[in-house]
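Enquirer: For reference, this is data_11.cif, and it has mmCIF, C-alpha atoms.
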data_start
#
loop_
_atom_site.label_atom_id
_atom_site.label_comp_id
_atom_site.auth_asym_id
_atom_site.auth_seq_id
_atom_site.Cartn_x
_atom_site.Cartn_y
_atom_site.Cartn_z
CA MET A 1 101.53 59.24 -55.61
CA ASP A 2 98.66 57.10 -57.00
CA LEU A 3 97.56 56.19 -53.46
CA ASP A 4 97.49 59.87 -52.44
CA TRP A 5 95.39 60.71 -55.52
CA GLN A 6 92.90 57.94 -54.73
CA ASP A 7 92.62 59.07 -51.11
CA ARG A 8 91.98 62.66 -52.16
CA LEU A 9 89.34 61.61 -54.66
CA LYS A 10 87.59 59.50 -52.03
CA ALA A 11 87.68 62.45 -49.60
CA ILE A 12 86.02 64.64 -52.23
CA HIS A 13 83.23 62.11 -52.80
CA ASP A 14 82.75 61.72 -49.04
CA SER A 15 82.57 65.45 -48.40
CA PRO A 16 79.05 66.79 -47.60
CA THR A 17 79.74 69.77 -49.86
CA TYR A 18 79.96 67.43 -52.86
CA ARG A 19 76.50 65.93 -52.26
CA LEU A 20 73.43 67.17 -54.05
CA ALA A 21 71.52 69.55 -51.81
CA GLU A 22 68.58 67.15 -51.35
CA ASP A 23 71.01 64.38 -50.30
CA ASP A 24 72.78 66.53 -47.72
CA THR A 25 70.71 65.66 -44.65
CA VAL A 26 72.86 67.77 -42.31
CA PHE A 27 72.24 70.85 -44.44
CA MET A 28 68.56 70.06 -45.00
CA GLU A 29 68.02 69.81 -41.22
CA SER A 30 70.01 72.96 -40.46
CA ASP A 31 68.66 76.36 -39.43
CA ALA A 32 69.90 77.79 -42.71
CA ALA A 33 67.54 75.55 -44.69
CA ARG A 34 64.45 76.09 -42.53
CA ALA A 35 62.74 78.41 -45.01
CA SER A 36 63.24 75.85 -47.77
CA ARG A 37 61.89 73.06 -45.56
CA LEU A 38 58.79 75.10 -44.77
CA ALA A 39 58.14 75.76 -48.45
CA LEU A 40 58.74 72.13 -49.40
CA GLU A 41 56.52 70.79 -46.64
CA PHE A 42 53.66 73.03 -47.72
CA ARG A 43 54.06 72.38 -51.43
CA ARG A 44 54.51 68.62 -51.13
CA ALA A 45 51.23 68.01 -49.27
CA ASP A 46 49.38 70.46 -51.50
CA LEU A 47 50.59 68.66 -54.62
CA TYR A 48 49.49 65.21 -53.45
CA LEU A 49 46.08 66.49 -52.28
CA ARG A 50 45.51 68.10 -55.67
CA GLU A 51 46.54 64.90 -57.44
CA GLN A 52 43.95 62.99 -55.38
CA ARG A 53 41.35 65.65 -56.29
CA ILE A 54 40.56 66.67 -52.73
CA ASN A 55 38.43 69.80 -53.14
CA SER A 56 37.16 70.33 -49.61
CA THR A 57 37.48 68.75 -46.18
CA VAL A 58 35.85 68.51 -42.77
CA VAL A 59 38.43 68.70 -40.00
CA VAL A 60 37.81 66.44 -37.00
CA PHE A 61 39.60 66.91 -33.69
CA GLY A 62 39.32 64.98 -30.43
CA SER A 63 41.24 63.01 -27.86
CA SER A 64 43.66 60.32 -28.93
CA ARG A 65 42.96 58.61 -25.59
CA ILE A 66 39.31 57.78 -26.20
CA LEU A 67 38.89 54.05 -26.80
CA ALA A 68 36.64 52.14 -29.16
CA PRO A 69 33.60 50.83 -27.21
CA ASP A 70 34.58 47.16 -27.51
CA ILE A 71 38.08 47.82 -26.24
CA ALA A 72 36.82 49.99 -23.38
CA ARG A 73 34.34 47.28 -22.37
CA GLN A 74 37.00 44.56 -22.47
CA SER A 75 39.31 46.67 -20.31
CA LEU A 76 36.61 47.25 -17.69
CA ASP A 77 35.52 43.59 -17.67
CA ARG A 78 39.11 42.48 -17.15
CA LEU A 79 39.53 44.81 -14.17
CA GLU A 80 36.20 43.88 -12.61
CA HIS A 81 37.14 40.19 -12.70
CA GLN A 82 40.46 40.75 -10.96
CA GLN A 83 40.88 39.86 -7.29
CA PRO A 84 43.20 42.50 -5.80
CA THR A 85 45.18 41.94 -2.65
CA VAL A 86 44.51 44.13 0.39
CA ALA A 87 47.45 46.32 -0.57
CA GLU A 88 46.10 46.71 -4.10
CA VAL A 89 42.45 47.53 -3.27
CA ALA A 90 42.72 51.33 -3.39
CA GLU A 91 44.70 51.39 -6.63
CA HIS A 92 42.41 48.78 -8.17
CA ALA A 93 39.37 50.88 -7.29
CA ARG A 94 40.95 53.89 -9.02
CA GLN A 95 41.66 51.82 -12.10
CA VAL A 96 38.08 50.52 -12.21
CA ALA A 97 36.70 54.06 -11.89
CA LYS A 98 39.00 55.21 -14.67
CA ALA A 99 37.92 52.31 -16.90
CA ARG A 100 34.25 53.11 -16.27
CA THR A 101 34.84 56.71 -17.33
CA ALA A 102 36.68 55.46 -20.42
CA LEU A 103 33.67 53.29 -21.29
CA VAL A 104 31.34 56.30 -20.97
CA TYR A 105 33.56 58.38 -23.25
CA SER A 106 33.95 55.55 -25.74
CA ARG A 107 30.58 56.51 -27.21
CA TYR A 108 32.32 59.47 -28.80
CA TYR A 109 34.51 57.10 -30.79
CA GLU A 110 31.35 55.65 -32.28
CA GLU A 111 29.90 59.13 -32.87
CA ALA A 112 33.08 60.12 -34.73
CA ARG A 113 32.73 56.95 -36.77
CA GLN A 114 29.14 57.87 -37.63
CA LEU A 115 30.28 61.35 -38.64
CA GLY A 116 32.89 59.92 -41.00
CA GLU A 117 30.33 57.56 -42.52
CA ALA A 118 27.77 60.34 -43.03
CA LEU A 119 30.29 62.55 -44.83
CA ALA A 120 31.65 59.84 -47.12
CA HIS A 121 30.74 59.80 -50.81
CA ARG A 122 30.29 63.57 -51.07
CA ARG A 123 31.76 63.66 -54.52
CA GLY A 124 31.70 66.64 -56.83
CA SER A 125 31.95 66.54 -60.59
CA ASP A 126 35.68 67.18 -60.43
CA GLY A 127 36.77 65.51 -57.19
CA HIS A 128 35.96 64.79 -53.54
CA ASP A 129 34.16 67.15 -51.16
CA PHE A 130 33.70 67.17 -47.37
CA VAL A 131 36.49 64.61 -46.98
CA VAL A 132 37.27 63.74 -43.35
CA VAL A 133 40.73 64.88 -42.26
CA THR A 134 42.17 64.16 -38.81
CA GLY A 135 45.52 64.24 -37.07
CA GLY A 136 45.90 60.63 -38.15
CA GLY A 137 46.35 59.15 -34.68
CA PRO A 138 44.22 56.89 -32.44
CA GLY A 139 41.03 57.66 -30.50
CA ILE A 140 38.57 60.11 -32.03
CA MET A 141 40.83 60.52 -35.04
CA GLU A 142 40.73 56.80 -35.72
CA GLY A 143 36.95 56.73 -35.29
CA ALA A 144 36.37 59.48 -37.88
CA ASN A 145 38.85 58.01 -40.37
CA ARG A 146 37.34 54.58 -39.82
CA GLY A 147 33.79 55.71 -40.54
CA ALA A 148 34.85 57.34 -43.80
CA ILE A 149 36.95 54.43 -45.04
CA GLU A 150 34.38 51.77 -44.06
CA ALA A 151 31.77 53.70 -46.06
CA GLY A 152 34.04 53.56 -49.08
CA GLY A 153 35.12 57.19 -49.07
CA PRO A 154 38.59 58.74 -48.96
CA SER A 155 40.09 59.43 -45.53
CA ILE A 156 42.94 61.86 -44.78
CA GLY A 157 45.43 61.80 -41.90
CA PHE A 158 47.88 64.60 -41.05
CA ASN A 159 50.30 63.00 -38.61
CA ILE A 160 53.02 65.04 -36.92
CA ARG A 161 56.57 64.12 -35.95
CA LEU A 162 56.67 64.03 -32.14
CA PRO A 163 59.37 63.16 -29.58
CA SER A 164 57.47 59.94 -28.85
CA ALA A 165 56.53 58.30 -32.14
CA GLN A 166 52.82 58.19 -32.96
CA GLU A 167 51.75 55.51 -35.38
CA PRO A 168 49.12 56.47 -37.96
CA ASN A 169 45.80 54.71 -37.51
CA PRO A 170 45.08 52.07 -40.19
CA TYR A 171 41.92 53.77 -41.50
CA ILE A 172 43.65 56.45 -43.56
CA THR A 173 43.75 56.15 -47.34
CA PRO A 174 47.44 55.26 -47.92
CA THR A 175 47.89 57.93 -50.61
CA LEU A 176 46.34 60.50 -48.25
CA ALA A 177 48.53 59.76 -45.23
CA PHE A 178 50.94 62.60 -44.45
CA ARG A 179 53.52 63.28 -41.76
CA PHE A 180 54.53 66.84 -40.94
CA HIS A 181 57.50 68.26 -39.11
CA TYR A 182 56.07 71.73 -38.51
CA PHE A 183 52.87 72.28 -36.54
CA ALA A 184 52.36 75.58 -38.38
CA LEU A 185 52.32 73.92 -41.81
CA ARG A 186 50.05 71.18 -40.54
CA LYS A 187 47.63 73.79 -39.18
CA MET A 188 47.64 75.57 -42.55
CA HIS A 189 46.73 72.38 -44.37
CA PHE A 190 44.00 71.56 -41.86
CA LEU A 191 42.22 74.80 -42.73
CA LEU A 192 43.25 75.36 -46.34
CA ARG A 193 40.42 73.22 -47.73
CA ALA A 194 38.25 73.08 -44.61
CA ARG A 195 34.52 73.62 -45.01
CA ALA A 196 33.81 72.79 -41.37
CA LEU A 197 35.49 71.86 -38.09
CA VAL A 198 34.11 69.29 -35.65
CA ALA A 199 35.53 69.03 -32.15
CA PHE A 200 34.87 66.04 -29.90
CA PRO A 201 36.01 65.87 -26.27
CA GLY A 202 39.77 66.26 -26.12
CA GLY A 203 42.75 67.81 -24.42
CA TYR A 204 45.14 70.66 -25.11
CA GLY A 205 45.55 69.85 -28.80
CA THR A 206 41.80 69.84 -29.42
CA LEU A 207 41.28 73.07 -27.48
CA ASP A 208 44.20 74.70 -29.29
CA GLU A 209 42.76 73.92 -32.72
CA LEU A 210 39.21 74.84 -31.68
CA PHE A 211 40.03 78.29 -30.30
CA GLU A 212 42.48 79.08 -33.06
CA SER A 213 39.77 78.35 -35.63
CA LEU A 214 37.20 80.38 -33.70
CA ASN A 215 39.63 83.29 -33.62
CA LEU A 216 40.30 83.07 -37.36
CA VAL A 217 36.58 83.07 -38.16
CA GLN A 218 35.84 85.84 -35.64
CA THR A 219 38.49 88.10 -37.17
CA ARG A 220 37.40 87.21 -40.73
CA THR A 221 40.89 85.89 -41.42
CA ILE A 222 39.21 82.89 -43.03
CA TYR A 223 35.73 82.55 -44.51
CA PRO A 224 33.06 81.59 -41.96
CA ILE A 225 32.73 77.82 -41.64
CA PRO A 226 30.52 75.71 -39.36
CA ILE A 227 32.29 74.93 -36.09
CA VAL A 228 30.48 72.10 -34.33
CA LEU A 229 31.13 70.69 -30.86
CA VAL A 230 29.91 67.17 -30.16
CA GLY A 231 28.88 66.40 -26.59
CA SER A 232 26.81 69.13 -24.92
CA GLU A 233 27.31 67.85 -21.36
CA HIS A 234 31.08 67.70 -21.82
CA TRP A 235 31.49 71.11 -23.46
CA ARG A 236 29.16 72.81 -20.96
CA ARG A 237 31.66 71.94 -18.23
CA VAL A 238 34.81 72.62 -20.24
CA VAL A 239 33.98 76.12 -21.50
CA ASP A 240 31.27 78.44 -20.21
CA PHE A 241 30.61 80.47 -23.34
CA GLU A 242 27.54 82.09 -21.79
CA PHE A 243 29.73 83.41 -18.97
CA LEU A 244 32.09 84.97 -21.54
CA VAL A 245 29.10 86.69 -23.18
CA ALA A 246 27.68 87.86 -19.83
CA GLU A 247 31.05 89.32 -18.82
CA GLY A 248 31.34 91.16 -22.10
CA LEU A 249 34.46 89.25 -23.13
CA ILE A 250 32.84 87.98 -26.32
CA SER A 251 29.69 89.14 -28.11
CA GLU A 252 26.54 87.14 -28.70
CA SER A 253 27.49 86.91 -32.37
CA ASP A 254 30.84 85.42 -31.31
CA ARG A 255 28.97 82.80 -29.30
CA GLU A 256 26.92 81.95 -32.37
CA LEU A 257 30.05 81.04 -34.34
CA LEU A 258 29.74 77.53 -32.92
CA THR A 259 27.03 74.92 -32.56
CA VAL A 260 26.77 72.20 -29.93
CA VAL A 261 25.21 68.82 -30.77
CA ASP A 262 25.18 65.35 -29.26
CA SER A 263 25.82 63.01 -32.17
CA GLY A 264 28.12 62.61 -35.13
CA ARG A 265 25.25 62.34 -37.59
CA GLU A 266 23.73 65.55 -36.24
CA ALA A 267 27.08 67.28 -36.71
CA ALA A 268 27.23 66.04 -40.30
CA GLN A 269 23.66 67.23 -40.90
CA ARG A 270 24.46 70.73 -39.60
CA ILE A 271 27.46 70.97 -41.89
CA LEU A 272 25.71 69.73 -45.01
CA ASP A 273 22.64 71.87 -44.33
CA PHE A 274 24.91 74.91 -44.09
CA TYR A 275 26.03 74.24 -47.65
CA GLY A 276 22.65 73.03 -48.91
CA ALA A 277 24.00 69.54 -49.51
CA GLY A 278 21.77 67.51 -47.16
CA LEU A 279 22.21 63.92 -46.00
#
Produce structure tokens that represent the structure in this file.
Expert:
Amino acid sequence: MDLDWQDRLKAIHDSPTYRLAEDDTVFMESDAARASRLALEFRRADLYLREQRINSTVVVFGSSRILAPDIARQSLDRLEHQQPTVAEVAEHARQVAKARTALVYSRYYEEARQLGEALAHRRGSDGHDFVVVTGGGPGIMEGANRGAIEAGGPSIGFNIRLPSAQEPNPYITPTLAFRFHYFALRKMHFLLRARALVAFPGGYGTLDELFESLNLVQTRTIYPIPIVLVGSEHWRRVVDFEFLVAEGLISESDRELLTVVDSGREAAQRILDFYGAGL
């Protein structure tokens, strides 16, 4: 009888229904708890950002594949010093061409770094303003976070849980490093305090965030903010905005929602001039 009682008591303690809700991982990850997870994910990040007195941000997007200049140069030098076999010549030539392109694009890492540096130290009387926030990964994101942190300012990273794990770059202020489950909540936090958006060359993720922000400003869903593209030669080939105007698909005023520049410091200047802050 005593053994049966002990077994039943153990079964009660082991039952997921007996756990506190926050300790019931199966329930917390279930469809039934999705609304609660959404609310918690929003509120949690908002609370920590308020505690760190983050008043306003500048959102920086760009490719995670763009390398720092020194790394890109080392990669190209290594390939150029290789002696491929006859069977490897064609593939080696492709790799060298790819590495040369990577070296050309590596300048944008440095431009993102300059942007982060230029925006650091914009401190208001009651907190931090124009704080760099990125997706927290490598490439352009690392460059922008790095510039801000090396200049002694705060640096925010909004990482996202992906099927293949993405490590946060080391240039995020530890107390401002976040990881989200939901893209929608992450997008909300990107724009909630945003006073500007800067887009460097990038892929689908960069284009997604750029056009979503343009649409929100165009429809007056959010207050107008400077939207700056860095790299005129790149963006001229990626999107022909003049063609969209000429075809009547967007208006001239829609085209003027964005500005194209060629350096990170120029992007920072455009943003700060918009708000009368100056460099």
Enquirer: Would you kindly return, as a PyMOL selection string, each protein, DNA or RNA residue with an atom no farther than 10 Å from any atom of stretch 206-214 of chain A, considering all atoms listed in the file and excluding same-chain residues fewer than 2 positions away?
Expert: chain A and resi 59-64+187+190-191+196-204+216-222+224-229+238-239+254-255+257-258
Enquirer: With C-alpha atoms kept, could you save the residues just selected as a JSON list (two decimals), keeping the file's coordinate frame?
Expert:
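Final file, selection.json:
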[["chain", "number", "residue", "atom", "x", "y", "z"],
["A", 59, "VAL", "CA", 38.43, 68.70, -40.00],
["A", 60, "VAL", "CA", 37.81, 66.44, -37.00],
["A", 61, "PHE", "CA", 39.60, 66.91, -33.69],
["A", 62, "GLY", "CA", 39.32, 64.98, -30.43],
["A", 63, "SER", "CA", 41.24, 63.01, -27.86],
["A", 64, "SER", "CA", 43.66, 60.32, -28.93],
["A", 187, "LYS", "CA", 47.63, 73.79, -39.18],
["A", 190, "PHE", "CA", 44.00, 71.56, -41.86],
["A", 191, "LEU", "CA", 42.22, 74.80, -42.73],
["A", 196, "ALA", "CA", 33.81, 72.79, -41.37],
["A", 197, "LEU", "CA", 35.49, 71.86, -38.09],
["A", 198, "VAL", "CA", 34.11, 69.29, -35.65],
["A", 199, "ALA", "CA", 35.53, 69.03, -32.15],
["A", 200, "PHE", "CA", 34.87, 66.04, -29.90],
["A", 201, "PRO", "CA", 36.01, 65.87, -26.27],
["A", 202, "GLY", "CA", 39.77, 66.26, -26.12],
["A", 203, "GLY", "CA", 42.75, 67.81, -24.42],
["A", 204, "TYR", "CA", 45.14, 70.66, -25.11],
["A", 216, "LEU", "CA", 40.30, 83.07, -37.36],
["A", 217, "VAL", "CA", 36.58, 83.07, -38.16],
["A", 218, "GLN", "CA", 35.84, 85.84, -35.64],
["A", 219, "THR", "CA", 38.49, 88.10, -37.17],
["A", 220, "ARG", "CA", 37.40, 87.21, -40.73],
["A", 221, "THR", "CA", 40.89, 85.89, -41.42],
["A", 222, "ILE", "CA", 39.21, 82.89, -43.03],
["A", 224, "PRO", "CA", 33.06, 81.59, -41.96],
["A", 225, "ILE", "CA", 32.73, 77.82, -41.64],
["A", 226, "PRO", "CA", 30.52, 75.71, -39.36],
["A", 227, "ILE", "CA", 32.29, 74.93, -36.09],
["A", 228, "VAL", "CA", 30.48, 72.10, -34.33],
["A", 229, "LEU", "CA", 31.13, 70.69, -30.86],
["A", 238, "VAL", "CA", 34.81, 72.62, -20.24],
["A", 239, "VAL", "CA", 33.98, 76.12, -21.50],
["A", 254, "ASP", "CA", 30.84, 85.42, -31.31],
["A", 255, "ARG", "CA", 28.97, 82.80, -29.30],
["A", 257, "LEU", "CA", 30.05, 81.04, -34.34],
["A", 258, "LEU", "CA", 29.74, 77.53, -32.92]]
Enquirer: Which of these residues is nearest to A:Phe178, using all atoms listed in the file: A:Pro69, A:Gly137, A:Pro163, A:Gly116?
Expert: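 Closest candidate: A:Gly137.
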Enquirer: Rank nothing, just name the residue among A:Ala194, A:Ala33, A:Leu9, A:Ala93 nearest to A:Phe130, using all atoms listed in the file.
Expert: A:Ala194
Enquirer: For the provided coordinates, the residues matched by the PyMOL selection byres ((chain A and resi 95) around 12) should be stated as an NGL selection string.
Expert: :A and (75-80 or 82 or 84 or 88-94 or 96-102)
Enquirer: Mind pulling up the distance from atom CA of A:Glu142 to atom CA of A:Leu192?
Expert: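 Atom-to-atom, atom CA of A:Leu192 to atom CA of A:Glu142, that is 21.5 Å.
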Enquirer: Nearest to A:Gly152 among A:Phe243, A:Glu117, A:Ala177, A:Pro170, with distances taken over only C-alpha atoms: which residue is it?
Expert: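 Smallest separation from A:Gly152 among the options: A:Glu117.
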